[in-house]
Amino acid sequence: MSARKREILALTLPADPALACLTGLVSTHFFRQNGIGAAAARRGARSVVKRFRVLLRAAARSSRQAHTLVLLLETRASFLEVIGRAGGGRRTSLARIDRQGSSRGMTRPA
């Protein structure tokens, strides 16, 4: 496999709990398009949805006017990562999958 440069796709969403399922669909498609097997992609997407709901609850409790969430989908040479960010807050790793062991290479976020 040739080393690809880092690519980032950003998806900005309103803090609406009904959109948690959308993050799962987007994540599954992202993992599959980058060579991850179907089972590992589904596991990664479930992890994204579960952790994204936590960000949604935090955004709903926030006193800020703008309740926006950002989903960052990053490709790197050795892994794929989905990161969530509530408004201007800190980044939270939602799922990370190693490319080498793509059939079972999901790792827990740090």
# chains A, B, ... in the order shown; residues from 1 in each chain; ligands from 1
$ select_by_dssp --residues "chain A" --states "strand (DSSP E)" --output "PyMOL selection string"
chain A and resi 7-14+68-75+79-86+91-98+106-107
$ residues_around --residues "segment 81-87 of chain A" --least-positions-apart "2" --cutoff "10 Å" --atoms "only C-alpha atoms" --output "PyMOL selection string"
chain A and resi 8-15+23+27+30-31+44-45+47-48+51-52+55-56+58-60+62+64+66-76+79+89-98+106-107+109
$ closest_residue --among "A:Leu25, A:Ala38, A:Ala77, A:Ala20" --to "Val54 of chain A" --atoms "only C-alpha atoms"
A:Ala20
$ atom_distance --atom1 "atom CA of Leu22 of chain A" --atom2 "atom CA of Arg6 of chain A"
23.8 Å
$ select_by_dssp --residues "segment 17-106 of chain A" --states "alpha helix (DSSP H)" --output "PyMOL selection string"
chain A and resi 20-33+38-61
$ residues_around --residues "Arg53 of chain A" --least-positions-apart "4" --cutoff "8 Å" --atoms "only C-alpha atoms" --output "PyMOL selection string"
chain A and resi 17+20+49+57
$ closest_residue --among "A:Arg99, A:Gly24, A:Asp16, A:Asn34" --to "Lys50 of chain A" --atoms "only C-alpha atoms"
A:Gly24
$ atom_distance --atom1 "atom CA of His29 of chain A" --atom2 "atom CA of Ser78 of chain A"
18.4 Å
